2 protein chains.
Amino acid sequence: MTTLRELASHLGLSPATVSRALNGFPEVGEATRRRVIEASERLHYKANSSARRLATGKSGMVGMIFRASQNLLVDPHFVDFLAGLSVGLAARDLDLIIHTAAHGAPGAPYKRFVASGSVDGMIVSAPALEDERIATLTQRDFPFVVHGRTAEHVPYAFYDIDNDGAFAAATALLADLGHRRISLVNGPAGLAFAAQRAAAFRRVTAARGLAIPARFVSHDEMSEDIGYRRAAALLGGAAGPPPTAFVCSSTLLALGVMRAAGERGLQVGADVSIIAHDDVLPHLRSEHFSPALTVTRSPIREAGTALADMLVARIGGAAPATLQRIVPVDLVVRESTGPVPGTGGEGWSR
Amino acid sequence: MTTLRELASHLGLSPATVSRALNGFPEVGEATRRRVIEASERLHYKANSSARRLATGKSGMVGMIFRASQNLLVDPHFVDFLAGLSVGLAARDLDLIIHTAAHGAPGAPYKRFVASGSVDGMIVSAPALEDERIATLTQRDFPFVVHGRTAEHVPYAFYDIDNDGAFAAATALLADLGHRRISLVNGPAGLAFAAQRAAAFRRVTAARGLAIPARFVSHDEMSEDIGYRRAAALLGGAAGPPPTAFVCSSTLLALGVMRAAGERGLQVGADVSIIAHDDVLPHLRSEHFSPALTVTRSPIREAGTALADMLVARIGGAAPATLQRIVPVDLVVRESTGPVPGTGGEGWSR
DNA sequence: TCCCATCATCAAACCGGTTTGGGAATAACA
DNA sequence: TGTTATTCCCAAACCGGTTTGATGATGGGA
């Protein structure tokens with residue numbers, strides 16, 4: 001509760017000198033500085049952050065906004081990203097403001113943060129293919145970084161994994177094992193990463209001459225439940241021959257697909273193959289699934305810390321074009337993928 | 001970027017009038033108010049939040065601090081709580097600042113937030129049995145709410161589940177089924193909820209005359225991995241006869257215990273019984289485990305929204321003693337619990 | 001017609017820091 | 001000793017809102 005002025009008059013100094021002493025400016029005497037610091041601690045002085053912000057124009061915070069409708073906060077991928085981000089920002093002495101936009105208008109909360117000057121930068125997560133937020137922020141020349149990439153042409157700072165490479169490799173692996181009926185259980189339609197993954201999947205299957213019926217490709221929330229329902233519907237075979245392999249956009253989806261396969265008595269890795277993208281959620285380890293899951297792997301936490309660094313650079317004035325990273329994805333072959341059943345996999349059944 | 005003064009001079013009014021017009025004060029004429037609002041929208045005026053805070057003394061934000069060392073943000077229970085909290089706060093037009101304290105000193109970040117006036121209230125999560133944060137905040141008479149309860153006697157606002165009732169019921173259920181060698185796989189030692197659960201477990205087992213060796217009770221992080229390791233060590237039987245039943249502090253732990261049991265060829269619900277507390281994480285549904293898990297159930301998301309309401313009330317001046325809630329916990333019996341094997345469960349083997 | 005409410009508005013102070021532009025010592029140099 | 005350069009500190013302005021106290025303009029009642 002002590003103010004700078006109180007502290008100053010207590011010391012018989014001017015507020016200006018005390019301010020400089022505490023902020024490490026060179027033009028105050030060493031003896032004076034020590035006296036000031038000692039007194040500030042004794043009186044529990046702490047600069048009022050609102051006043052400082054008003055004077056300096058910096059807030060020391062960065063913002064992030066979720067749409068409550070999308071329930072993104074519940075998504076474990078998302079929160080793990082948040083964890084990395086928070087740690088990375090804390091290391092730079094920045095705080096993170098999170099705001100859940102309850103109502104429809106997605107633009108309003110951005111105004112709230114950007115126009116009112118309450119944050120120094122923004123983080124945009126889970127962008128759509130053409131994302132309004134990116135357009136708005138670019139237009140106002142406000143510092144921001146994106147987790148993911150959109151189809152737009154404006155240069156902005158982003159961190160993304162090589163979704164195309166990962167899903168091309170995953171699809172090719174299955175095709176090489178002889179699978180011709182492959183299903184893609186993907187993330188929500190409209191999100192950029194899901195579109196990139198679907199494009200890679202379609203490109204590779206088309207190149208191999210595989211006919212993929214529309215019902216084999218689904219876009220939805222990435223939960224165990226959805227994985228189960230999609231796989232159960234397809235494996236039931238009511239609408240046509242079931243797939244022999246699944247490519248999943250997350251390990252949670254794969255878990256559901258495995259449950260559906262298990263219920264039908266299908267052996268994963270023999271009767272049906274499953275591969276998934278693994279964001280390496282610490283409490284969900286694909287190597288412990290039974291059977292151990294073949295995955296394309298890229299830790300989502302690293303995205304958080306990397307984006308924190310990028311945002312700091314961006315706030316510091318770095319050009320967006322210099323802050324773009326696409327990280328490669330590892331393909332880890334384990335036990336959930338195998339040769340297509342009923343063909344020459346073992347060399348005799350053909 | 002337009003300021004209040006600019007807007008005012010543009011309108012030929014004083015800043016005072018414009019401020020009142022925008023903030024809905026009754027002493028400005030209706031015609032003037034409309035004129036002001038119209039102009040403010042046309043010029044994209046948005047009050048600078050730092051300036052407003054400085055003038056009003058309110059920040060419109062509440063804070064929450066994690067210790068990075070504890071890795072709480074990675075804990076899915078925790079983040080789901082965060083989700084509920086965020087939604088609850090957004091409904092009250094509050095933002096949440098989250099700060100990860102990288103280094104050891106737990107007091108420092110509190111100073112940072114409280115003494116500098118950057119937040120109007122604080123949320124304390126995962127309290128220890130005697131929590132320093134609660135002591136500090138109480139002493140400064142700063143508004144805060146706690147998720148959980150400590151052993152302290154100071155009256156503060158909290159929301160907690162009936163850990164004692166839940167774990168007494170769970171333990172009694174197993175004892176009633178004839179189990180005499182029961183293991184408790186608990187959360188981290190030192191945290192209040194874990195202590196409450198352990199106390200209930202010990203009370204009920206003692207009342208039933210069950211001898212529980214020290215190795216049957218473990219305190220650690222609540223991950224699948226830890227659950228697996230604890231159960232594997234006990235079921236190995238190297239240190240003595242293995243337990244016939246497990247009480248787990250989370251469904252993640254139970255998942256690990258199930259994996260350990262499965263690896264040894266034990267049938268869950270017959271050879272070994274498992275019961276867990278279920279915080280109802282949307283992506284981890286205990287009714288879908290195989291077998292479906294018997295649980296004590298209480299959605300952790302509700303804690304978030306309830307605490308948001310409490311904190312708003314507390315900031316508004318409500319007395320802490322009026323803001324204390326302990327919610328009951330449901331016992332849901334499913335397939336993972338059954339009579340102890342090798343006794344009279346089936347009527348013939350004794 | 002005069003007086004008193006009521007309404008609508010304004011000038012100025014204030015919140016608590018930071019920053020600019022000097023100015024009075026002291027030190028360095030001729 | 002006189003001048004110039006440093007060193008150290010201060011008074012005042014400023015950031016952009018909100019809030020107090022006062023004032024001019026209108027309208028109703030006597």
# chains A, B, ... in the order shown; residues from 1 in each chain; ligands from 1

$ residues_around --residues "Ile226 in chain B" --least-positions-apart "5" --cutoff "12 Å" --atoms "only C-alpha atoms (C1' of nucleotides)" --output "PyMOL selection string"
(chain A and resi 282-283) or (chain B and resi 185-188+218-221+231-233+248-260)

$ closest_atom_pairs --of "chain C" --to "chain B" --cutoff "7 Å" --atoms "only C-alpha atoms (C1' of nucleotides)" --output "JSON lines"
{"residue": "C:DA8", "atom": "C1'", "partner": "B:Val28", "partner_atom": "CA", "distance": 6.0}
{"residue": "C:DT9", "atom": "C1'", "partner": "B:Thr17", "partner_atom": "CA", "distance": 6.7}
{"residue": "C:DC10", "atom": "C1'", "partner": "B:Ser14", "partner_atom": "CA", "distance": 6.2}
{"residue": "C:DC15", "atom": "C1'", "partner": "B:Ala55", "partner_atom": "CA", "distance": 4.7}

$ residues_around --residues "range 24-30 of chain D" --least-positions-apart "5" --cutoff "12 Å" --atoms "only C-alpha atoms (C1' of nucleotides)" --output "PyMOL selection string"
chain C and resi 1-10

$ write_last_selection --atoms "C-alpha atoms (C1' of nucleotides)" --output "PDB file, in the first residue's frame"
ATOM      1  C1'  DT C   1     -41.922  38.525 -12.381  1.00  0.00           C
ATOM      2  C1'  DC C   2     -38.918  36.281  -9.185  1.00  0.00           C
ATOM      3  C1'  DC C   3     -37.046  32.294  -6.898  1.00  0.00           C
ATOM      4  C1'  DC C   4     -35.726  27.759  -6.438  1.00  0.00           C
ATOM      5  C1'  DA C   5     -35.158  22.996  -8.239  1.00  0.00           C
ATOM      6  C1'  DT C   6     -33.463  20.157 -11.586  1.00  0.00           C
ATOM      7  C1'  DC C   7     -30.754  19.080 -15.433  1.00  0.00           C
ATOM      8  C1'  DA C   8     -26.719  19.034 -18.146  1.00  0.00           C
ATOM      9  C1'  DT C   9     -22.210  20.131 -18.437  1.00  0.00           C
ATOM     10  C1'  DC C  10     -17.432  21.547 -17.255  1.00  0.00           C
TER      11       DC C  10
END

$ select_by_dssp --residues "range 30-238 of chain A" --states "strand (DSSP E or B)" --output "ChimeraX atom specification"
/A:61-67,95-101,121-125,128,144-147,157-161,182-186,191,217-219

$ write_last_selection --atoms "C-alpha atoms" --output "compact mmCIF listing (two decimals), in the first residue's frame"
# COMPACT_ATOMS: atom_id res chain seq x y z
CA MET A 61 0.93 -9.75 -20.20
CA VAL A 62 -0.08 -11.67 -23.23
CA GLY A 63 -3.56 -12.87 -24.02
CA MET A 64 -5.20 -15.94 -25.33
CA ILE A 65 -8.85 -16.42 -26.13
CA PHE A 66 -10.93 -19.55 -26.42
CA ARG A 67 -14.31 -20.03 -27.77
CA ASP A 95 1.90 -13.51 -17.48
CA LEU A 96 -0.82 -15.09 -19.50
CA ILE A 97 -4.38 -13.86 -19.52
CA ILE A 98 -6.89 -16.41 -20.62
CA HIS A 99 -10.38 -15.40 -21.54
CA THR A 100 -13.19 -17.68 -22.55
CA ALA A 101 -15.47 -15.97 -25.00
CA GLY A 121 0.76 -9.63 -27.52
CA MET A 122 -1.66 -12.39 -28.42
CA ILE A 123 -1.52 -16.09 -29.05
CA VAL A 124 -3.80 -17.58 -31.66
CA SER A 125 -4.43 -21.26 -31.36
CA ALA A 128 -9.33 -22.09 -39.11
CA PHE A 144 0.87 -12.17 -32.25
CA VAL A 145 1.97 -15.72 -32.89
CA VAL A 146 -0.02 -18.63 -34.24
CA HIS A 147 0.05 -22.24 -33.26
CA ALA A 157 4.85 -15.68 -36.90
CA PHE A 158 3.84 -19.29 -36.51
CA TYR A 159 4.94 -22.62 -35.16
CA ASP A 160 3.54 -25.67 -36.84
CA ILE A 161 4.35 -29.31 -37.24
CA ILE A 182 -7.93 -47.05 -45.29
CA SER A 183 -10.02 -44.76 -43.09
CA LEU A 184 -9.00 -41.34 -41.84
CA VAL A 185 -10.43 -40.34 -38.47
CA ASN A 186 -9.60 -36.68 -38.45
CA LEU A 191 -9.44 -26.30 -38.65
CA VAL A 217 -13.07 -39.94 -43.96
CA SER A 218 -14.60 -38.27 -40.93
CA HIS A 219 -14.05 -34.93 -39.24

$ residues_around --residues "range 272-275 of chain B" --least-positions-apart "2" --cutoff "9 Å" --atoms "only C-alpha atoms (C1' of nucleotides)" --output "ChimeraX atom specification"
/B:170-171,174,179,243-249,251,254,257-258,261,266-270,277,293-296,333,335-341

$ closest_residue --among "B:Leu307, B:Ala189, B:Val332, B:Val18" --to "chain D" --atoms "only C-alpha atoms (C1' of nucleotides)"
B:Val18

$ closest_residue --among "D:DC8, D:DT1, D:DC14, D:DT19" --to "chain B" --atoms "only C-alpha atoms (C1' of nucleotides)"
D:DT19

$ interface_residues --of "chain D" --to "chain B" --cutoff "8 Å" --atoms "only C-alpha atoms (C1' of nucleotides)" --output "number ranges by chain"
D: 15-18

$ write_last_selection --atoms "N, CA and C atoms (P, O5', C5', C4', C3', O3' and C1' of nucleotides)" --output "compact mmCIF listing (two decimals), in the first residue's frame"
# COMPACT_ATOMS: atom_id res chain seq x y z
P DC D 15 0.72 12.62 -22.59
O5' DC D 15 0.40 11.09 -22.35
C5' DC D 15 1.42 10.11 -22.22
C4' DC D 15 0.87 8.95 -21.46
C3' DC D 15 -0.66 8.84 -21.54
O3' DC D 15 -1.01 7.92 -22.56
C1' DC D 15 0.14 8.53 -19.29
P DG D 16 -2.15 8.33 -23.63
O5' DG D 16 -3.50 8.04 -22.83
C5' DG D 16 -3.78 6.71 -22.41
C4' DG D 16 -4.95 6.74 -21.47
C3' DG D 16 -6.18 7.49 -22.00
O3' DG D 16 -7.33 6.76 -21.63
C1' DG D 16 -5.60 8.30 -19.90
P DG D 17 -8.66 6.95 -22.47
O5' DG D 17 -9.71 6.14 -21.56
C5' DG D 17 -10.53 6.82 -20.66
C4' DG D 17 -10.15 6.44 -19.24
C3' DG D 17 -11.19 6.81 -18.20
O3' DG D 17 -12.00 5.69 -17.94
C1' DG D 17 -8.99 7.52 -17.54
P DT D 18 -13.47 5.94 -17.36
O5' DT D 18 -13.22 6.53 -15.90
C5' DT D 18 -12.78 5.65 -14.86
C4' DT D 18 -12.74 6.40 -13.55
C3' DT D 18 -14.10 6.85 -13.02
O3' DT D 18 -14.09 6.60 -11.62
C1' DT D 18 -12.65 8.71 -13.15

$ atom_distance --atom1 "CA of Asn23 in chain B" --atom2 "CA of Arg35 in chain B"
13.8 Å

$ closest_residue --among "A:Ala21, A:Leu94, A:Ala292, A:Ile315" --to "chain B" --atoms "only C-alpha atoms"
A:Leu94
